[in-house]
Amino acid sequence: MSHLAALGGVPIRTEPYPTWPVWDERDIKAVTRTVQSGRWGGSPYPGPNTAAFAEKFAELQGGGTAVPMMNGTITMEVALRAAGIGWGDEVIVPAYTFQATAAAPMAAGAIPVIVDINPDTLCADPVAVEAAITPKTKAVIVVHLAAQVTDMDAITAIAKKHNLIVIEDAAHAHGAQWRGQGVGLWGDFGSFSLQSAKSLTTGEGGVLLCRDPHMAQRAASIIDCGRPKDPAGLEFTMGQNYRWSELHAALGLVALERFPEQFAERAAMADYLEEGLSKIPGVTLLKRDLRQTRRSLYRYVFKIDQDFFGVRHEAFCRALSAEGIPVDTGYPVMSRYDLFQPYISHLAVPSAFPEYFQFDQMSFPVTEQAAEATSVWMGESIFRSGRKGIDDLVAGVRKLVDHRDELGQIQPESDQRM
Ligand SMILES: Cc1ncc(COP(=O)(O)O)c(C=O)c1O
């Protein structure tokens, strides 16, 4: 009989990893107080919980004006609209990210222009970003992906040279810092998601961090049906109701209280994990850029050597998951996403914009390699499972190394889609 659990062997770990989100009496009390207050909704915006959360969130990142709203997709759409970006404009986005990063510019009426990533960090490659700039380019959205931070020195220099707005999609990066300054404050806007899986969560929610207070006023107006937020009360915007509820904000205030300890625990455990993983043949850790002074652990990625293991990452992930260590292959290449379907948008009339939407002819070699062969993704709960949880993960990977000749027998499922 095979040794691998995926082929009938005994798994390394049977105990599940911790669930998320965590909660205690503080959440119940905060929600109860808000229910009893009768102030459940977000109007007039911001309500007291939302305003308190905004202030504390900006403190966590180290500055700016935070505008909480419904989710971490709307945040990017609102940022673009606040900056006056829309119809006919081009917005550069990386090929390796969740669909929201490209869907948000489309919702604002802009065209996402997809670029490849850097192989060491899996974040947008600044060289590819600069090469994609045309006279229509108005903004770039970079994504701080899976515990990495995009090279913000290079991106901000390019943006300055070409007069571009920079949005940092920091849905994975609450609390992360680049050269001692919080992410979301390097660009013009930082976009944070508070959706259930995120390392700071309220179930649903998003925060747009704005460097310029006037942009924050415009963003707050756009999410509050266009009502003016400038001191004179004169600046109306084309708005909708994207307000956040006070019940979510109540949970957010408690989540912020817990966050520093959780952040530190995850970071310490990630260091411990890397001590173990770095000694395993066939495994490569993503490069740690010393300019990234604090890393945030939401999703964590390492790479496998296809030749060494004799399989691509699907078989590896299936084998490791069967050992009781939940891992997956992560995002597909943006141009191949089932959820990202520009052809169903009125933006994507292929005859009008042939150059933008010929996805089958696009090629992003670095992203393809990561998304279709080498990346192994895991969730933050592993970093809350103590040393035993990490030791099990490392033991699981070692087991796959020792029995790599069996991995070829694992049939890959059809490509994972998100
Ligand atoms: C990189 C990235 N950007 C944007 C989002 C969108 O956030 P939300 O689900 O809050 O809309 C997510 C997560 O869901 C994400 O992972």
# chains A, B, ... in the order shown; residues from 1 in each chain; ligands from 1

call {"tool": "residues_around", "arguments": {"residues": "Gly408 in chain A", "least_positions_apart": "3", "cutoff": "10 Å", "atoms": "only C-alpha atoms", "output": "number ranges by chain"}}
result
A: 309-312, 315-316, 404-405, 411-412

call {"tool": "residues_near_ligand", "arguments": {"ligand": "ligand 1", "cutoff": "8 Å", "atoms": "only C-alpha atoms and all ligand atoms", "output": "list in words"}}
result
Met70, Asn71, Gly72, Thr73, Ile74, Thr97, Phe98, Gln99, Ala100, Thr101, Val143, His144, Leu145, Asp169, Ala170, Ala171, His172, Ser191, Phe192, Ser193, Leu194, Gln195, Ala197, Lys198, Glu204, Gly205 and Gly206 of chain A

call {"tool": "select_by_dssp", "arguments": {"residues": "range 150-256 of chain A", "states": "strand (DSSP E or B)", "output": "PDB file with N, CA and C atoms, in the first residue's frame"}}
result
ATOM      1  N   ILE A 165      -2.450  57.694 -10.810  1.00  0.00           N
ATOM      2  CA  ILE A 165      -2.969  57.415  -9.471  1.00  0.00           C
ATOM      3  C   ILE A 165      -2.559  55.989  -9.098  1.00  0.00           C
ATOM      4  N   VAL A 166      -2.135  55.782  -7.854  1.00  0.00           N
ATOM      5  CA  VAL A 166      -1.783  54.430  -7.397  1.00  0.00           C
ATOM      6  C   VAL A 166      -2.784  53.977  -6.337  1.00  0.00           C
ATOM      7  N   ILE A 167      -3.352  52.805  -6.574  1.00  0.00           N
ATOM      8  CA  ILE A 167      -4.214  52.180  -5.562  1.00  0.00           C
ATOM      9  C   ILE A 167      -3.514  50.905  -5.116  1.00  0.00           C
ATOM     10  N   GLU A 168      -3.358  50.750  -3.811  1.00  0.00           N
ATOM     11  CA  GLU A 168      -2.779  49.511  -3.286  1.00  0.00           C
ATOM     12  C   GLU A 168      -3.928  48.609  -2.859  1.00  0.00           C
ATOM     13  N   ASP A 169      -4.090  47.490  -3.539  1.00  0.00           N
ATOM     14  CA  ASP A 169      -5.075  46.504  -3.101  1.00  0.00           C
ATOM     15  C   ASP A 169      -4.416  45.727  -1.960  1.00  0.00           C
ATOM     16  N   GLN A 177       3.901  46.678   6.490  1.00  0.00           N
ATOM     17  CA  GLN A 177       4.638  47.936   6.292  1.00  0.00           C
ATOM     18  C   GLN A 177       5.717  47.775   5.234  1.00  0.00           C
ATOM     19  N   TRP A 178       5.957  48.845   4.523  1.00  0.00           N
ATOM     20  CA  TRP A 178       7.060  48.942   3.555  1.00  0.00           C
ATOM     21  C   TRP A 178       7.949  50.079   4.051  1.00  0.00           C
ATOM     22  N   GLN A 181       6.560  52.260   6.844  1.00  0.00           N
ATOM     23  CA  GLN A 181       5.276  52.968   6.683  1.00  0.00           C
ATOM     24  C   GLN A 181       4.212  51.971   6.218  1.00  0.00           C
ATOM     25  N   GLY A 182       3.027  52.106   6.805  1.00  0.00           N
ATOM     26  CA  GLY A 182       1.956  51.161   6.506  1.00  0.00           C
ATOM     27  C   GLY A 182       1.612  51.102   5.034  1.00  0.00           C
ATOM     28  N   PHE A 189      -4.276  55.667  -2.619  1.00  0.00           N
ATOM     29  CA  PHE A 189      -5.338  54.979  -1.887  1.00  0.00           C
ATOM     30  C   PHE A 189      -4.870  53.582  -1.474  1.00  0.00           C
ATOM     31  N   GLY A 190      -5.368  53.126  -0.322  1.00  0.00           N
ATOM     32  CA  GLY A 190      -5.174  51.737   0.084  1.00  0.00           C
ATOM     33  C   GLY A 190      -6.543  51.096   0.225  1.00  0.00           C
ATOM     34  N   SER A 191      -6.697  49.912  -0.344  1.00  0.00           N
ATOM     35  CA  SER A 191      -7.997  49.240  -0.323  1.00  0.00           C
ATOM     36  C   SER A 191      -7.884  47.975   0.528  1.00  0.00           C
ATOM     37  N   PHE A 192      -8.707  47.893   1.561  1.00  0.00           N
ATOM     38  CA  PHE A 192      -8.641  46.756   2.494  1.00  0.00           C
ATOM     39  C   PHE A 192      -9.997  46.059   2.524  1.00  0.00           C
ATOM     40  N   SER A 193      -9.975  44.747   2.524  1.00  0.00           N
ATOM     41  CA  SER A 193     -11.216  43.971   2.648  1.00  0.00           C
ATOM     42  C   SER A 193     -11.345  43.468   4.083  1.00  0.00           C
ATOM     43  N   GLN A 195     -13.745  41.027   4.622  1.00  0.00           N
ATOM     44  CA  GLN A 195     -14.579  39.860   4.334  1.00  0.00           C
ATOM     45  C   GLN A 195     -14.169  38.692   5.255  1.00  0.00           C
ATOM     46  N   GLY A 203     -16.941  39.980   8.854  1.00  0.00           N
ATOM     47  CA  GLY A 203     -17.906  39.226   8.052  1.00  0.00           C
ATOM     48  C   GLY A 203     -17.941  39.775   6.639  1.00  0.00           C
ATOM     49  N   GLY A 206     -15.196  46.808   4.064  1.00  0.00           N
ATOM     50  CA  GLY A 206     -13.990  47.248   3.374  1.00  0.00           C
ATOM     51  C   GLY A 206     -13.602  48.614   3.901  1.00  0.00           C
ATOM     52  N   VAL A 207     -12.332  48.949   3.763  1.00  0.00           N
ATOM     53  CA  VAL A 207     -11.877  50.281   4.178  1.00  0.00           C
ATOM     54  C   VAL A 207     -11.044  50.865   3.050  1.00  0.00           C
ATOM     55  N   LEU A 208     -11.361  52.088   2.674  1.00  0.00           N
ATOM     56  CA  LEU A 208     -10.526  52.806   1.720  1.00  0.00           C
ATOM     57  C   LEU A 208      -9.704  53.818   2.507  1.00  0.00           C
ATOM     58  N   LEU A 209      -8.389  53.626   2.460  1.00  0.00           N
ATOM     59  CA  LEU A 209      -7.493  54.557   3.151  1.00  0.00           C
ATOM     60  C   LEU A 209      -7.041  55.592   2.124  1.00  0.00           C
ATOM     61  N   CYS A 210      -7.241  56.859   2.450  1.00  0.00           N
ATOM     62  CA  CYS A 210      -6.940  57.921   1.472  1.00  0.00           C
ATOM     63  C   CYS A 210      -5.827  58.807   2.021  1.00  0.00           C
ATOM     64  N   ASP A 224     -22.204  57.537   0.017  1.00  0.00           N
ATOM     65  CA  ASP A 224     -23.392  57.990   0.761  1.00  0.00           C
ATOM     66  C   ASP A 224     -24.334  58.738  -0.177  1.00  0.00           C
ATOM     67  N   ASN A 241     -25.539  54.001  -2.487  1.00  0.00           N
ATOM     68  CA  ASN A 241     -25.454  53.606  -1.090  1.00  0.00           C
ATOM     69  C   ASN A 241     -24.528  52.412  -0.931  1.00  0.00           C
TER      70      ASN A 241
END

call {"tool": "residues_around", "arguments": {"residues": "range 20-32 of chain A", "least_positions_apart": "6", "cutoff": "8 Å", "atoms": "only C-alpha atoms", "output": "ChimeraX atom specification"}}
result
/A:196-197,201,247,250-251,254,381

call {"tool": "residues_around", "arguments": {"residues": "range 63-65 of chain A", "least_positions_apart": "5", "cutoff": "7 Å", "atoms": "only C-alpha atoms", "output": "VMD selection string"}}
result
chain A and resid 58 185 209 to 211 213 216

call {"tool": "write_last_selection", "arguments": {"atoms": "C-alpha atoms", "output": "PDB file, in the first residue's frame"}}
result
ATOM      1  CA  ALA A  58      -5.937  54.711  10.158  1.00  0.00           C
ATOM      2  CA  LEU A 185      -0.226  55.003   2.417  1.00  0.00           C
ATOM      3  CA  LEU A 209      -7.493  54.557   3.151  1.00  0.00           C
ATOM      4  CA  CYS A 210      -6.940  57.921   1.472  1.00  0.00           C
ATOM      5  CA  ARG A 211      -3.753  59.953   1.632  1.00  0.00           C
ATOM      6  CA  PRO A 213      -8.352  64.285   2.896  1.00  0.00           C
ATOM      7  CA  ALA A 216     -11.550  60.905   1.447  1.00  0.00           C
TER       8      ALA A 216
END

call {"tool": "atom_distance", "arguments": {"atom1": "CA of Val91 in chain A", "atom2": "CA of Arg336 in chain A"}}
result
18.4 Å

call {"tool": "atom_distance", "arguments": {"atom1": "CA of Glu265 in chain A", "atom2": "CA of Ile280 in chain A"}}
result
23.5 Å

call {"tool": "atom_distance", "arguments": {"atom1": "CA of Ala104 in chain A", "atom2": "CA of Leu60 in chain A"}}
result
25.0 Å

call {"tool": "closest_residue", "arguments": {"among": "A:Ala268, A:Ala319, A:Met238, A:Met152", "to": "Ile382 in chain A", "atoms": "only C-alpha atoms"}}
result
A:Ala268

call {"tool": "closest_residue", "arguments": {"among": "A:Thr156, A:Ser321, A:Ser375, A:Thr150", "to": "Glu130 in chain A", "atoms": "only C-alpha atoms"}}
result
A:Thr156

call {"tool": "closest_residue", "arguments": {"among": "A:Leu320, A:Ala219, A:Met362, A:Ile141", "to": "Asp392 in chain A", "atoms": "only C-alpha atoms"}}
result
A:Leu320

call {"tool": "residues_around", "arguments": {"residues": "Phe383 in chain A", "least_positions_apart": "3", "cutoff": "7 Å", "atoms": "only C-alpha atoms", "output": "list in words"}}
result
Arg266, Met269, Ala270, Glu380 and Gly386 of chain A

call {"tool": "select_by_dssp", "arguments": {"residues": "range 349-393 of chain A", "states": "alpha helix (DSSP H)", "output": "PyMOL selection string"}}
result
chain A and resi 365-369+386-393

call {"tool": "residues_around", "arguments": {"residues": "His174 in chain A", "least_positions_apart": "5", "cutoff": "8 Å", "atoms": "only C-alpha atoms", "output": "PyMOL selection string"}}
result
chain A and resi 61+183+192+199-200+296

call {"tool": "closest_residue", "arguments": {"among": "A:Gly233, A:Leu297, A:Leu164, A:Val401", "to": "Gly282 in chain A", "atoms": "only C-alpha atoms"}}
result
A:Val401

call {"tool": "residues_around", "arguments": {"residues": "Pro365 in chain A", "least_positions_apart": "4", "cutoff": "9 Å", "atoms": "only C-alpha atoms", "output": "list in words"}}
result
Asp116, Ile117, Gln369 and Ala370 of chain A

call {"tool": "decode", "arguments": {"residues": "range 153-276 of chain A", "atoms": "C-alpha atoms", "output": "CSV table (one decimal), in the first residue's frame"}}
result
chain,number,residue,atom,x,y,z
A,153,ASP,CA,9.6,52.5,-4.4
A,154,ALA,CA,9.5,51.5,-8.0
A,155,ILE,CA,5.8,51.8,-8.4
A,156,THR,CA,5.6,55.3,-6.8
A,157,ALA,CA,8.5,56.5,-9.0
A,158,ILE,CA,6.8,55.2,-12.2
A,159,ALA,CA,3.5,56.8,-11.1
A,160,LYS,CA,5.2,60.1,-10.4
A,161,LYS,CA,6.9,60.1,-13.8
A,162,HIS,CA,3.7,59.3,-15.7
A,163,ASN,CA,1.2,61.1,-13.5
A,164,LEU,CA,-0.7,58.0,-12.4
A,165,ILE,CA,-3.0,57.4,-9.5
A,166,VAL,CA,-1.8,54.4,-7.4
A,167,ILE,CA,-4.2,52.2,-5.6
A,168,GLU,CA,-2.8,49.5,-3.3
A,169,ASP,CA,-5.1,46.5,-3.1
A,170,ALA,CA,-4.2,45.5,0.4
A,171,ALA,CA,-6.9,43.0,1.0
A,172,HIS,CA,-4.2,40.5,2.1
A,173,ALA,CA,-2.0,43.0,4.0
A,174,HIS,CA,-3.6,44.6,7.0
A,175,GLY,CA,-0.9,45.9,9.3
A,176,ALA,CA,1.9,45.3,6.7
A,177,GLN,CA,4.6,47.9,6.3
A,178,TRP,CA,7.1,48.9,3.6
A,179,ARG,CA,10.1,50.8,4.8
A,180,GLY,CA,8.4,51.5,8.1
A,181,GLN,CA,5.3,53.0,6.7
A,182,GLY,CA,2.0,51.2,6.5
A,183,VAL,CA,0.8,49.8,3.2
A,184,GLY,CA,-2.1,51.8,1.7
A,185,LEU,CA,-0.2,55.0,2.4
A,186,TRP,CA,2.4,54.7,-0.3
A,187,GLY,CA,-0.1,55.1,-3.1
A,188,ASP,CA,-3.0,57.6,-3.3
A,189,PHE,CA,-5.3,55.0,-1.9
A,190,GLY,CA,-5.2,51.7,0.1
A,191,SER,CA,-8.0,49.2,-0.3
A,192,PHE,CA,-8.6,46.8,2.5
A,193,SER,CA,-11.2,44.0,2.6
A,194,LEU,CA,-12.8,42.9,5.9
A,195,GLN,CA,-14.6,39.9,4.3
A,196,SER,CA,-14.9,36.7,6.5
A,197,ALA,CA,-11.7,35.0,5.5
A,198,LYS,CA,-9.5,38.1,5.9
A,199,SER,CA,-7.0,38.4,8.8
A,200,LEU,CA,-9.0,41.4,10.1
A,201,THR,CA,-12.7,40.6,9.6
A,202,THR,CA,-16.2,41.8,10.3
A,203,GLY,CA,-17.9,39.2,8.1
A,204,GLU,CA,-18.2,41.8,5.2
A,205,GLY,CA,-16.7,45.2,4.9
A,206,GLY,CA,-14.0,47.2,3.4
A,207,VAL,CA,-11.9,50.3,4.2
A,208,LEU,CA,-10.5,52.8,1.7
A,209,LEU,CA,-7.5,54.6,3.2
A,210,CYS,CA,-6.9,57.9,1.5
A,211,ARG,CA,-3.8,60.0,1.6
A,212,ASP,CA,-5.5,63.2,0.6
A,213,PRO,CA,-8.4,64.3,2.9
A,214,HIS,CA,-10.2,65.8,-0.1
A,215,MET,CA,-10.2,62.4,-1.8
A,216,ALA,CA,-11.5,60.9,1.4
A,217,GLN,CA,-14.4,63.4,1.4
A,218,ARG,CA,-15.2,62.5,-2.2
A,219,ALA,CA,-15.1,58.8,-1.4
A,220,ALA,CA,-17.4,59.3,1.6
A,221,SER,CA,-19.8,61.2,-0.6
A,222,ILE,CA,-19.8,58.6,-3.4
A,223,ILE,CA,-20.7,55.8,-0.9
A,224,ASP,CA,-23.4,58.0,0.8
A,225,CYS,CA,-25.6,58.6,-2.3
A,226,GLY,CA,-23.5,61.6,-3.4
A,227,ARG,CA,-24.2,63.8,-0.3
A,228,PRO,CA,-21.5,66.4,0.1
A,229,LYS,CA,-18.8,65.8,2.8
A,230,ASP,CA,-16.7,68.9,2.3
A,231,PRO,CA,-16.8,71.4,5.1
A,232,ALA,CA,-18.8,73.9,3.0
A,233,GLY,CA,-21.3,71.1,2.0
A,234,LEU,CA,-21.1,72.1,-1.7
A,235,GLU,CA,-19.4,69.1,-3.4
A,236,PHE,CA,-22.0,66.6,-4.6
A,237,THR,CA,-20.8,63.5,-6.3
A,238,MET,CA,-22.5,60.8,-8.4
A,239,GLY,CA,-23.1,58.4,-5.5
A,240,GLN,CA,-24.8,55.3,-4.4
A,241,ASN,CA,-25.5,53.6,-1.1
A,242,TYR,CA,-22.3,51.6,-0.3
A,243,ARG,CA,-22.4,52.6,3.4
A,244,TRP,CA,-21.2,50.1,6.1
A,245,SER,CA,-23.6,49.1,8.9
A,246,GLU,CA,-23.0,50.0,12.5
A,247,LEU,CA,-23.4,46.3,13.4
A,248,HIS,CA,-20.4,45.5,11.3
A,249,ALA,CA,-18.5,48.4,12.7
A,250,ALA,CA,-19.2,47.2,16.2
A,251,LEU,CA,-17.5,43.9,15.3
A,252,GLY,CA,-14.7,45.8,13.7
A,253,LEU,CA,-13.9,47.7,16.9
A,254,VAL,CA,-13.5,44.4,18.8
A,255,ALA,CA,-11.5,42.8,15.9
A,256,LEU,CA,-9.1,45.7,16.0
A,257,GLU,CA,-8.5,45.1,19.7
A,258,ARG,CA,-7.5,41.5,19.0
A,259,PHE,CA,-5.6,42.3,15.9
A,260,PRO,CA,-2.1,43.2,17.2
A,261,GLU,CA,-1.7,40.0,19.2
A,262,GLN,CA,-3.0,37.8,16.3
A,263,PHE,CA,-0.7,39.7,13.9
A,264,ALA,CA,2.3,39.0,16.1
A,265,GLU,CA,1.4,35.4,16.6
A,266,ARG,CA,1.0,34.8,12.8
A,267,ALA,CA,4.2,36.6,12.0
A,268,ALA,CA,6.2,34.6,14.6
A,269,MET,CA,4.8,31.3,13.4
A,270,ALA,CA,5.5,32.2,9.8
A,271,ASP,CA,9.2,32.7,10.8
A,272,TYR,CA,9.1,29.3,12.5
A,273,LEU,CA,7.5,27.7,9.4
A,274,GLU,CA,10.2,29.2,7.2
A,275,GLU,CA,12.9,27.8,9.4
A,276,GLY,CA,11.5,24.3,8.7
